[in-house]
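Visitor: My file is run04.cif. It has mmCIF, C-alpha atoms:
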```cif
data_work
#
loop_
_atom_site.group_PDB
_atom_site.id
_atom_site.type_symbol
_atom_site.label_atom_id
_atom_site.label_comp_id
_atom_site.auth_asym_id
_atom_site.auth_seq_id
_atom_site.Cartn_x
_atom_site.Cartn_y
_atom_site.Cartn_z
ATOM 1 C CA MET B 6 -11.387 2.149 26.551
ATOM 2 C CA ASP B 7 -12.938 3.721 23.440
ATOM 3 C CA LEU B 8 -14.004 1.760 20.389
ATOM 4 C CA ARG B 9 -10.775 2.312 18.445
ATOM 5 C CA GLN B 10 -8.613 1.145 21.338
ATOM 6 C CA PHE B 11 -10.879 -1.864 21.873
ATOM 7 C CA LEU B 12 -10.593 -2.827 18.218
ATOM 8 C CA LEU B 13 -6.826 -2.294 18.296
ATOM 9 C CA CYS B 14 -6.517 -4.522 21.345
ATOM 10 C CA LEU B 15 -8.826 -7.142 19.817
ATOM 11 C CA THR B 16 -6.842 -7.149 16.561
ATOM 12 C CA LEU B 17 -3.506 -7.551 18.327
ATOM 13 C CA CYS B 18 -4.799 -10.274 20.636
ATOM 14 C CA THR B 19 -6.435 -12.137 17.751
ATOM 15 C CA ALA B 20 -3.287 -11.940 15.657
ATOM 16 C CA PHE B 21 -1.270 -13.289 18.579
ATOM 17 C CA ALA B 22 -3.711 -16.079 19.250
ATOM 18 C CA LEU B 23 -3.868 -17.171 15.618
ATOM 19 C CA SER B 24 -0.143 -16.950 14.891
ATOM 20 C CA LYS B 25 1.894 -20.139 14.906
ATOM 21 C CA PRO B 26 5.606 -20.552 15.690
ATOM 22 C CA THR B 27 6.244 -21.937 12.207
ATOM 23 C CA GLU B 28 4.516 -19.065 10.383
ATOM 24 C CA LYS B 29 6.766 -16.578 8.627
ATOM 25 C CA LYS B 30 6.288 -12.864 9.292
ATOM 26 C CA ASP B 31 6.875 -10.768 6.178
ATOM 27 C CA ARG B 32 8.104 -7.226 6.786
ATOM 28 C CA VAL B 33 8.976 -6.543 3.148
ATOM 29 C CA HIS B 34 6.859 -3.893 1.402
ATOM 30 C CA HIS B 35 6.370 -5.037 -2.204
ATOM 31 C CA GLU B 36 4.553 -3.180 -4.958
ATOM 32 C CA PRO B 37 1.433 -5.296 -5.559
ATOM 33 C CA GLN B 38 0.694 -6.915 -8.907
ATOM 34 C CA LEU B 39 -1.694 -4.888 -11.063
ATOM 35 C CA SER B 40 -3.853 -7.942 -11.756
ATOM 36 C CA ASP B 41 -3.928 -11.651 -11.022
ATOM 37 C CA LYS B 42 -4.828 -12.275 -14.674
ATOM 38 C CA VAL B 43 -2.358 -13.257 -17.395
ATOM 39 C CA HIS B 44 -1.171 -10.310 -19.496
ATOM 40 C CA ASN B 45 -1.791 -11.619 -22.994
ATOM 41 C CA ASP B 46 -3.398 -9.071 -25.304
ATOM 42 C CA ALA B 47 -3.630 -11.687 -28.053
ATOM 43 C CA GLN B 48 -6.350 -13.416 -26.006
ATOM 44 C CA ASN B 49 -8.050 -10.570 -24.137
ATOM 45 C CA PHE B 50 -7.440 -7.247 -22.387
ATOM 46 C CA ASP B 51 -8.526 -8.366 -18.922
ATOM 47 C CA TYR B 52 -5.128 -7.561 -17.368
ATOM 48 C CA ASP B 53 -5.186 -4.048 -18.856
ATOM 49 C CA HIS B 54 -8.725 -3.444 -17.556
ATOM 50 C CA ASP B 55 -7.716 -4.436 -14.012
ATOM 51 C CA ALA B 56 -4.565 -2.323 -14.203
ATOM 52 C CA PHE B 57 -6.312 0.786 -15.517
ATOM 53 C CA LEU B 58 -9.432 0.651 -13.348
ATOM 54 C CA GLY B 59 -8.681 -1.660 -10.431
ATOM 55 C CA ALA B 60 -10.178 -5.134 -10.400
ATOM 56 C CA GLU B 61 -13.475 -4.220 -8.738
ATOM 57 C CA GLU B 62 -14.173 -1.197 -10.929
ATOM 58 C CA ALA B 63 -13.280 -3.205 -14.048
ATOM 59 C CA LYS B 64 -16.129 -5.593 -13.308
ATOM 60 C CA SER B 65 -18.667 -2.772 -13.517
ATOM 61 C CA PHE B 66 -17.606 -1.916 -17.082
ATOM 62 C CA ASP B 67 -18.334 -5.473 -18.195
ATOM 63 C CA GLN B 68 -22.033 -4.702 -17.727
ATOM 64 C CA LEU B 69 -22.031 -1.579 -19.940
ATOM 65 C CA THR B 70 -22.771 -1.167 -23.624
ATOM 66 C CA PRO B 71 -19.855 0.049 -25.777
ATOM 67 C CA GLU B 72 -21.428 3.522 -25.917
ATOM 68 C CA GLU B 73 -21.736 3.692 -22.118
ATOM 69 C CA SER B 74 -18.160 2.466 -21.681
ATOM 70 C CA LYS B 75 -16.837 5.136 -24.020
ATOM 71 C CA GLU B 76 -18.770 7.856 -22.221
ATOM 72 C CA ARG B 77 -17.472 6.824 -18.789
ATOM 73 C CA LEU B 78 -13.944 6.404 -20.141
ATOM 74 C CA GLY B 79 -14.045 9.923 -21.537
ATOM 75 C CA LYS B 80 -14.860 11.267 -18.075
ATOM 76 C CA ILE B 81 -11.970 9.290 -16.569
ATOM 77 C CA VAL B 82 -9.573 10.702 -19.173
ATOM 78 C CA SER B 83 -10.475 14.225 -18.064
ATOM 79 C CA LYS B 84 -9.404 13.288 -14.535
ATOM 80 C CA ILE B 85 -6.144 11.721 -15.693
ATOM 81 C CA ASP B 86 -5.126 14.833 -17.664
ATOM 82 C CA GLY B 87 -3.821 16.636 -14.612
ATOM 83 C CA ASP B 88 -2.480 19.775 -16.313
ATOM 84 C CA LYS B 89 -5.542 20.029 -18.585
ATOM 85 C CA ASP B 90 -3.466 20.429 -21.736
ATOM 86 C CA GLY B 91 -5.588 17.965 -23.700
ATOM 87 C CA PHE B 92 -3.015 15.160 -23.597
ATOM 88 C CA VAL B 93 -2.375 12.192 -21.332
ATOM 89 C CA THR B 94 1.313 11.470 -20.813
ATOM 90 C CA VAL B 95 2.979 8.280 -19.587
ATOM 91 C CA ASP B 96 3.560 9.917 -16.192
ATOM 92 C CA GLU B 97 -0.081 10.983 -15.864
ATOM 93 C CA LEU B 98 -1.243 7.511 -16.859
ATOM 94 C CA LYS B 99 1.208 5.934 -14.429
ATOM 95 C CA GLY B 100 -0.119 8.147 -11.630
ATOM 96 C CA TRP B 101 -3.688 7.159 -12.430
ATOM 97 C CA ILE B 102 -2.855 3.438 -12.462
ATOM 98 C CA LYS B 103 -1.158 3.744 -9.071
ATOM 99 C CA PHE B 104 -4.213 5.580 -7.747
ATOM 100 C CA ALA B 105 -6.595 2.948 -9.138
ATOM 101 C CA GLN B 106 -4.569 0.145 -7.604
ATOM 102 C CA LYS B 107 -4.382 1.817 -4.209
ATOM 103 C CA ARG B 108 -7.915 3.105 -4.014
ATOM 104 C CA TRP B 109 -8.337 1.105 -0.805
ATOM 105 C CA ILE B 110 -5.750 3.356 0.839
ATOM 106 C CA HIS B 111 -7.759 6.448 0.000
ATOM 107 C CA GLU B 112 -10.926 4.751 1.237
ATOM 108 C CA ASP B 113 -9.168 3.922 4.518
ATOM 109 C CA VAL B 114 -8.011 7.533 4.882
ATOM 110 C CA GLU B 115 -11.525 8.843 4.228
ATOM 111 C CA ARG B 116 -12.922 6.498 6.853
ATOM 112 C CA GLN B 117 -10.359 7.512 9.475
ATOM 113 C CA TRP B 118 -10.548 11.183 8.522
ATOM 114 C CA LYS B 119 -14.157 11.348 9.667
ATOM 115 C CA GLY B 120 -13.223 10.011 13.072
ATOM 116 C CA HIS B 121 -10.293 12.355 13.646
ATOM 117 C CA ASP B 122 -11.264 15.707 12.111
ATOM 118 C CA LEU B 123 -13.193 16.512 15.261
ATOM 119 C CA ASN B 124 -13.878 20.181 14.513
ATOM 120 C CA GLU B 125 -14.629 19.432 10.828
ATOM 121 C CA ASP B 126 -12.292 22.134 9.521
ATOM 122 C CA GLY B 127 -10.841 19.932 6.773
ATOM 123 C CA LEU B 128 -7.614 19.352 8.710
ATOM 124 C CA VAL B 129 -6.458 16.950 11.423
ATOM 125 C CA SER B 130 -4.211 18.379 14.123
ATOM 126 C CA TRP B 131 -1.970 16.245 16.300
ATOM 127 C CA GLU B 132 -4.130 17.206 19.290
ATOM 128 C CA GLU B 133 -7.267 15.984 17.509
ATOM 129 C CA TYR B 134 -5.622 12.697 16.567
ATOM 130 C CA LYS B 135 -4.157 12.210 20.064
ATOM 131 C CA ASN B 136 -7.447 12.904 21.796
ATOM 132 C CA ALA B 137 -9.479 10.698 19.441
ATOM 133 C CA THR B 138 -6.985 7.838 19.627
ATOM 134 C CA TYR B 139 -5.445 7.935 23.098
ATOM 135 C CA GLY B 140 -7.662 10.201 25.187
ATOM 136 C CA TYR B 141 -9.249 7.515 27.327
ATOM 137 C CA ALA B 142 -6.126 5.340 27.582
ATOM 138 C CA LEU B 143 -3.942 8.207 28.827
ATOM 139 C CA ASP B 144 -6.310 8.792 31.742
ATOM 140 C CA ASP B 145 -5.545 5.285 32.996
ATOM 141 C CA PRO B 146 -1.859 4.896 33.981
ATOM 142 C CA ASP B 147 -2.242 1.137 34.391
ATOM 143 C CA PRO B 148 -4.538 -0.197 31.647
ATOM 144 C CA ASP B 149 -5.955 -3.700 32.038
ATOM 145 C CA ASP B 150 -4.872 -4.801 28.559
ATOM 146 C CA GLY B 151 -1.171 -4.328 29.345
ATOM 147 C CA PHE B 152 -0.384 -2.122 26.358
ATOM 148 C CA ASN B 153 1.967 0.818 26.835
ATOM 149 C CA TYR B 154 -0.183 3.477 25.191
ATOM 150 C CA LYS B 155 2.161 6.321 26.138
ATOM 151 C CA GLN B 156 4.982 4.623 24.258
ATOM 152 C CA MET B 157 2.679 4.068 21.287
ATOM 153 C CA MET B 158 1.645 7.717 21.388
ATOM 154 C CA VAL B 159 5.257 8.932 21.372
ATOM 155 C CA ARG B 160 5.895 6.798 18.318
ATOM 156 C CA ASP B 161 2.752 8.082 16.594
ATOM 157 C CA GLU B 162 3.704 11.687 17.363
ATOM 158 C CA ARG B 163 7.133 11.211 15.811
ATOM 159 C CA ARG B 164 5.553 9.762 12.672
ATOM 160 C CA PHE B 165 2.929 12.523 12.571
ATOM 161 C CA LYS B 166 5.661 15.168 12.706
ATOM 162 C CA MET B 167 7.515 13.445 9.882
ATOM 163 C CA ALA B 168 4.384 13.383 7.724
ATOM 164 C CA ASP B 169 3.612 17.030 8.552
ATOM 165 C CA LYS B 170 5.817 18.711 5.962
ATOM 166 C CA ASP B 171 5.320 22.320 7.102
ATOM 167 C CA GLY B 172 5.793 21.505 10.778
ATOM 168 C CA ASP B 173 2.603 23.142 12.053
ATOM 169 C CA LEU B 174 1.338 19.908 13.691
ATOM 170 C CA ILE B 175 -1.753 20.124 11.504
ATOM 171 C CA ALA B 176 -2.147 17.541 8.749
ATOM 172 C CA THR B 177 -3.763 18.040 5.388
ATOM 173 C CA LYS B 178 -5.436 14.960 3.933
ATOM 174 C CA GLU B 179 -2.292 14.182 1.934
ATOM 175 C CA GLU B 180 -0.115 14.481 5.055
ATOM 176 C CA PHE B 181 -2.591 12.367 7.009
ATOM 177 C CA THR B 182 -2.359 9.721 4.279
ATOM 178 C CA ALA B 183 1.434 9.755 4.625
ATOM 179 C CA PHE B 184 1.034 9.341 8.377
ATOM 180 C CA LEU B 185 -1.315 6.350 8.090
ATOM 181 C CA HIS B 186 0.480 4.706 5.152
ATOM 182 C CA PRO B 187 4.118 5.854 5.313
ATOM 183 C CA GLU B 188 5.404 3.067 3.071
ATOM 184 C CA GLU B 189 3.626 4.775 0.148
ATOM 185 C CA TYR B 190 5.706 7.979 0.367
ATOM 186 C CA ASP B 191 9.404 8.380 -0.379
ATOM 187 C CA TYR B 192 9.898 11.060 2.287
ATOM 188 C CA MET B 193 8.441 8.720 4.923
ATOM 189 C CA LYS B 194 10.611 5.699 4.192
ATOM 190 C CA ASP B 195 13.180 6.551 6.864
ATOM 191 C CA ILE B 196 10.498 6.372 9.552
ATOM 192 C CA VAL B 197 9.348 2.980 8.223
ATOM 193 C CA VAL B 198 12.918 1.727 8.543
ATOM 194 C CA GLN B 199 13.355 3.283 11.998
ATOM 195 C CA GLU B 200 10.145 1.758 13.354
ATOM 196 C CA THR B 201 11.036 -1.644 11.920
ATOM 197 C CA MET B 202 14.491 -1.567 13.478
ATOM 198 C CA GLU B 203 13.054 -0.556 16.842
ATOM 199 C CA ASP B 204 10.657 -3.506 16.701
ATOM 200 C CA ILE B 205 13.365 -6.054 15.909
ATOM 201 C CA ASP B 206 16.466 -4.617 17.624
ATOM 202 C CA LYS B 207 15.881 -6.130 21.062
ATOM 203 C CA ASN B 208 19.247 -5.140 22.547
ATOM 204 C CA ALA B 209 18.850 -1.553 21.285
ATOM 205 C CA ASP B 210 22.344 -1.331 19.801
ATOM 206 C CA GLY B 211 21.068 0.257 16.583
ATOM 207 C CA PHE B 212 21.561 -2.868 14.478
ATOM 208 C CA ILE B 213 19.719 -6.097 13.645
ATOM 209 C CA ASP B 214 21.835 -9.181 14.198
ATOM 210 C CA LEU B 215 21.079 -12.661 12.883
ATOM 211 C CA GLU B 216 19.254 -13.905 15.970
ATOM 212 C CA GLU B 217 17.115 -10.745 16.162
ATOM 213 C CA TYR B 218 16.306 -11.122 12.460
ATOM 214 C CA ILE B 219 15.233 -14.749 12.908
ATOM 215 C CA GLY B 220 13.547 -14.064 16.237
ATOM 216 C CA ASP B 221 11.217 -11.544 14.597
ATOM 217 C CA MET B 222 10.003 -14.205 12.165
ATOM 218 C CA TYR B 223 10.113 -17.381 14.203
ATOM 219 C CA SER B 224 9.753 -18.539 17.803
ATOM 220 C CA HIS B 225 11.341 -21.857 18.712
ATOM 221 C CA ASP B 226 8.655 -22.407 21.331
ATOM 222 C CA GLY B 227 10.554 -25.399 22.702
ATOM 223 C CA ASN B 228 11.158 -26.972 19.301
ATOM 224 C CA ALA B 229 14.760 -27.963 18.692
ATOM 225 C CA ASP B 230 14.374 -28.432 14.931
ATOM 226 C CA GLU B 231 13.852 -25.330 12.799
ATOM 227 C CA PRO B 232 11.607 -25.467 9.714
ATOM 228 C CA GLU B 233 13.369 -25.439 6.379
ATOM 229 C CA TRP B 234 12.283 -21.854 5.622
ATOM 230 C CA VAL B 235 14.039 -20.631 8.786
ATOM 231 C CA LYS B 236 17.294 -22.236 7.663
ATOM 232 C CA THR B 237 16.802 -20.531 4.290
ATOM 233 C CA GLU B 238 16.307 -17.165 6.009
ATOM 234 C CA ARG B 239 19.551 -17.641 7.943
ATOM 235 C CA GLU B 240 21.325 -18.149 4.629
ATOM 236 C CA GLN B 241 19.560 -15.119 3.150
ATOM 237 C CA PHE B 242 20.753 -12.960 6.043
ATOM 238 C CA VAL B 243 24.380 -14.043 5.700
ATOM 239 C CA GLU B 244 24.550 -14.004 1.900
ATOM 240 C CA PHE B 245 22.290 -11.080 0.939
ATOM 241 C CA ARG B 246 20.941 -8.998 3.848
ATOM 242 C CA ASP B 247 24.253 -8.358 5.618
ATOM 243 C CA LYS B 248 26.000 -6.778 2.659
ATOM 244 C CA ASN B 249 29.190 -5.693 4.459
ATOM 245 C CA ARG B 250 29.510 -9.053 6.257
ATOM 246 C CA ASP B 251 29.803 -7.568 9.755
ATOM 247 C CA GLY B 252 27.201 -9.913 11.216
ATOM 248 C CA LYS B 253 24.413 -7.358 11.516
ATOM 249 C CA MET B 254 22.173 -5.097 9.435
ATOM 250 C CA ASP B 255 22.505 -1.352 9.679
ATOM 251 C CA LYS B 256 19.898 1.208 8.608
ATOM 252 C CA GLU B 257 20.721 1.083 4.887
ATOM 253 C CA GLU B 258 20.840 -2.710 4.809
ATOM 254 C CA THR B 259 17.489 -2.849 6.607
ATOM 255 C CA LYS B 260 16.029 -0.386 4.111
ATOM 256 C CA ASP B 261 17.208 -2.532 1.190
ATOM 257 C CA TRP B 262 15.504 -5.499 2.844
ATOM 258 C CA ILE B 263 12.080 -4.064 3.703
ATOM 259 C CA LEU B 264 11.788 -1.468 0.906
ATOM 260 C CA PRO B 265 13.297 -3.143 -2.163
ATOM 261 C CA SER B 266 13.484 -1.351 -5.486
ATOM 262 C CA ASP B 267 10.828 -3.407 -7.215
ATOM 263 C CA TYR B 268 10.007 -3.488 -10.898
ATOM 264 C CA ASP B 269 7.582 -0.631 -11.572
ATOM 265 C CA HIS B 270 4.516 -2.439 -12.907
ATOM 266 C CA ALA B 271 2.497 0.779 -13.190
ATOM 267 C CA GLU B 272 5.064 2.494 -15.414
ATOM 268 C CA ALA B 273 5.414 -0.592 -17.619
ATOM 269 C CA GLU B 274 1.633 -0.772 -18.069
ATOM 270 C CA ALA B 275 1.389 2.977 -18.765
ATOM 271 C CA ARG B 276 4.017 2.701 -21.501
ATOM 272 C CA HIS B 277 2.234 -0.337 -22.939
ATOM 273 C CA LEU B 278 -1.123 1.481 -23.079
ATOM 274 C CA VAL B 279 0.436 4.538 -24.735
ATOM 275 C CA TYR B 280 2.292 2.408 -27.266
ATOM 276 C CA GLU B 281 -0.874 0.511 -28.237
ATOM 277 C CA SER B 282 -3.088 3.621 -28.472
ATOM 278 C CA ASP B 283 -0.809 6.387 -29.775
ATOM 279 C CA GLN B 284 -2.002 6.620 -33.382
ATOM 280 C CA ASN B 285 0.238 9.531 -34.426
ATOM 281 C CA LYS B 286 3.218 8.276 -32.381
ATOM 282 C CA ASP B 287 3.864 11.567 -30.588
ATOM 283 C CA GLY B 288 4.388 9.816 -27.238
ATOM 284 C CA LYS B 289 1.163 11.054 -25.619
ATOM 285 C CA LEU B 290 -2.539 10.381 -25.966
ATOM 286 C CA THR B 291 -5.545 12.520 -26.764
ATOM 287 C CA LYS B 292 -8.979 11.684 -25.380
ATOM 288 C CA GLU B 293 -9.988 10.538 -28.854
ATOM 289 C CA GLU B 294 -7.055 8.117 -29.118
ATOM 290 C CA ILE B 295 -7.937 6.590 -25.739
ATOM 291 C CA VAL B 296 -11.668 6.324 -26.421
ATOM 292 C CA ASP B 297 -10.967 4.773 -29.830
ATOM 293 C CA LYS B 298 -9.158 1.991 -27.954
ATOM 294 C CA TYR B 299 -11.760 1.724 -25.216
ATOM 295 C CA ASP B 300 -11.716 -2.080 -25.463
ATOM 296 C CA LEU B 301 -8.050 -2.020 -24.376
ATOM 297 C CA PHE B 302 -8.620 0.357 -21.444
ATOM 298 C CA VAL B 303 -11.973 -0.617 -19.962
ATOM 299 C CA GLY B 304 -13.953 -3.142 -21.994
ATOM 300 C CA SER B 305 -17.747 -3.499 -22.151
ATOM 301 C CA GLN B 306 -20.436 -6.087 -22.717
ATOM 302 C CA ALA B 307 -19.144 -6.447 -26.261
ATOM 303 C CA THR B 308 -15.534 -7.146 -25.264
ATOM 304 C CA ASP B 309 -16.274 -9.204 -22.140
ATOM 305 C CA PHE B 310 -19.601 -10.762 -23.057
ATOM 306 C CA GLY B 311 -18.619 -14.241 -21.912
ATOM 307 C CA GLU B 312 -17.413 -13.016 -18.527
ATOM 308 C CA ALA B 313 -20.505 -10.862 -18.108
ATOM 309 C CA LEU B 314 -22.717 -13.930 -18.598
ATOM 310 C CA VAL B 315 -20.697 -15.869 -16.041
ATOM 311 C CA ARG B 316 -21.000 -13.092 -13.471
ATOM 312 C CA HIS B 317 -24.743 -12.801 -14.170
ATOM 313 C CA ASP B 318 -25.134 -16.492 -13.432
ATOM 314 C CA GLU B 319 -23.140 -16.108 -10.194
ATOM 315 C CA PHE B 320 -25.456 -13.360 -8.956
#
```
Would you mind giving the structure from this file in structure tokens?

Guide:
Amino acid sequence: MDLRQFLLCLTLCTAFALSKPTEKKDRVHHEPQLSDKVHNDAQNFDYDHDAFLGAEEAKSFDQLTPEESKERLGKIVSKIDGDKDGFVTVDELKGWIKFAQKRWIHEDVERQWKGHDLNEDGLVSWEEYKNATYGYALDDPDPDDGFNYKQMMVRDERRFKMADKDGDLIATKEEFTAFLHPEEYDYMKDIVVQETMEDIDKNADGFIDLEEYIGDMYSHDGNADEPEWVKTEREQFVEFRDKNRDGKMDKEETKDWILPSDYDHAEAEARHLVYESDQNKDGKLTKEEIVDKYDLFVGSQATDFGEALVRHDEF
């Protein structure tokens, strides 16, 4: 067993060992909050800093002088202006905020890319991924860990083909990202739903009934009394999940459950930043308008002096 398979096995076994019958499994993919701080510009711009930069990157700006913050912000603005027309639109700002918030995804892709682009040609083929991930396991028809790696590989291949837009079985980095994190891409959402239904639909009738829905979240494990949250989930299934009241969830109902249409925090923040910084009210921002409001976007020692002192004491 290679290192990746060992880690996969260890992760699954650990998760199983640590899980409790009364713990609730959450399959719903929510858009994360942009910051855990209160959004109150009358007090400070901490929420805006986290939203624009990501929480970890925002901390680094707290250590800079105003001049250094403005210089670094100017460089960021050049990256945000995707079409290089000298203006930052709400859509461009929204895209940047989403990128900043999901930087961990890109870091994960970079890490996995190195382990799968075996010939270092800047692409990952299905053969490369299969060999790097399943090569050793496929040589053993009866693995000791009990996992059905062939079944897992078939599932991975189906997802890889879905992510591979041009159908050449060779993934660009963007396609590889869609393969690893399908919930982040609209064109991959059907495969997320399909995989979820396959996991839960134990009788393979193409639907999720009430007992399958509950069984995915909770194991009675000999206990006659269900926790209160399980009773609540039963009510949720009947009243909200099963929209057509036929006693089961079909593909569309499952999609509404696991991929809800959440409030778009990134767009709301982008509109807020434009509104607060757009001096000539033309609906878009120049680099100068953004840098002039640097305290709103990124902060510095001057705007976060108290927090900087606290962090200095912590270190």

Visitor: Tell me, in Å to one decimal, how far atom CA of Lys84 of chain B is from atom CA of Val114 of chain B.

Guide: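 Distance between the two atoms: 20.3 Å.
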
Visitor: Could you list, as a PyMOL selection string, every residue matched by the PyMOL selection byres ((chain B and resi 61) around 12) in this structure?

Guide: chain B and resi 40+54-60+62-67+105-109+303

Visitor: Go through B:Ile213, B:Ala137, B:Met222, B:Ala142 and flag the residue nearest Lys256 of chain B, using all atoms listed in the file for the distances.

Guide: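 So, comparing all the options, the nearest one is B:Ile213.
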
Visitor: Just want the 12 Å neighbourhood of Thr259 of chain B, counted on only C-alpha atoms, with same-chain residues fewer than 6 positions away dropped. Output as a list in words.

Guide: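 What passes the distance filter is Arg32, Val33, His34, Lys194, Asp195, Ile196, Val197, Val198, Gln199, Glu200, Thr201, Met202, Glu203, Ile205, Asp206, Gly211, Phe212, Ile213, Asp214, Tyr218, Phe242, Phe245, Arg246, Asp247, Lys248, Lys253 and Pro265 of chain B.
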
Visitor: Can you spell out as a list in words the set of residues that the PyMOL selection byres ((chain B and resi 170) around 12) selects in the structure I just provided?

Guide: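 Selected by the PyMOL selection byres ((chain B and resi 170) around 12) in this file: Arg164, Phe165, Lys166, Met167, Ala168, Asp169, Asp171, Gly172, Asp173, Leu174, Ile175, Ala176, Thr177, Glu179, Glu180, Phe181, Ala183, Phe184, Tyr192 and Met193 of chain B.
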
Visitor: If the box runs along x, y and z of the file and leaves 4 Å on each side of segment 208-214 of chain B, what are its centre and edge lengths in Å, one decimal, as lines of an AutoDock Vina configuration file?

Guide:
```
center_x = 20.6
center_y = -4.5
center_z = 18.1
size_x = 11.5
size_y = 17.4
size_z = 16.9
```

Visitor: Can you measure atom CA of His277 of chain B to atom CA of His111 of chain B for me? One decimal in Å is fine.

Guide: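 Atom CA of His111 of chain B lies 25.9 Å from atom CA of His277 of chain B.
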
Visitor: Evaluate the PyMOL selection byres ((chain B and resi 291) around 12) here and jot the selected residues down as an NGL selection string.

Guide: :B and (79 or 82-83 or 85-86 or 89-95 or 98 or 279 or 282-290 or 292-298)

Visitor: So what do you get for atom CA of Glu231 of chain B versus atom CA of Ile219 of chain B, distance-wise?

Guide: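 Interatomic distance here is 10.7 Å.
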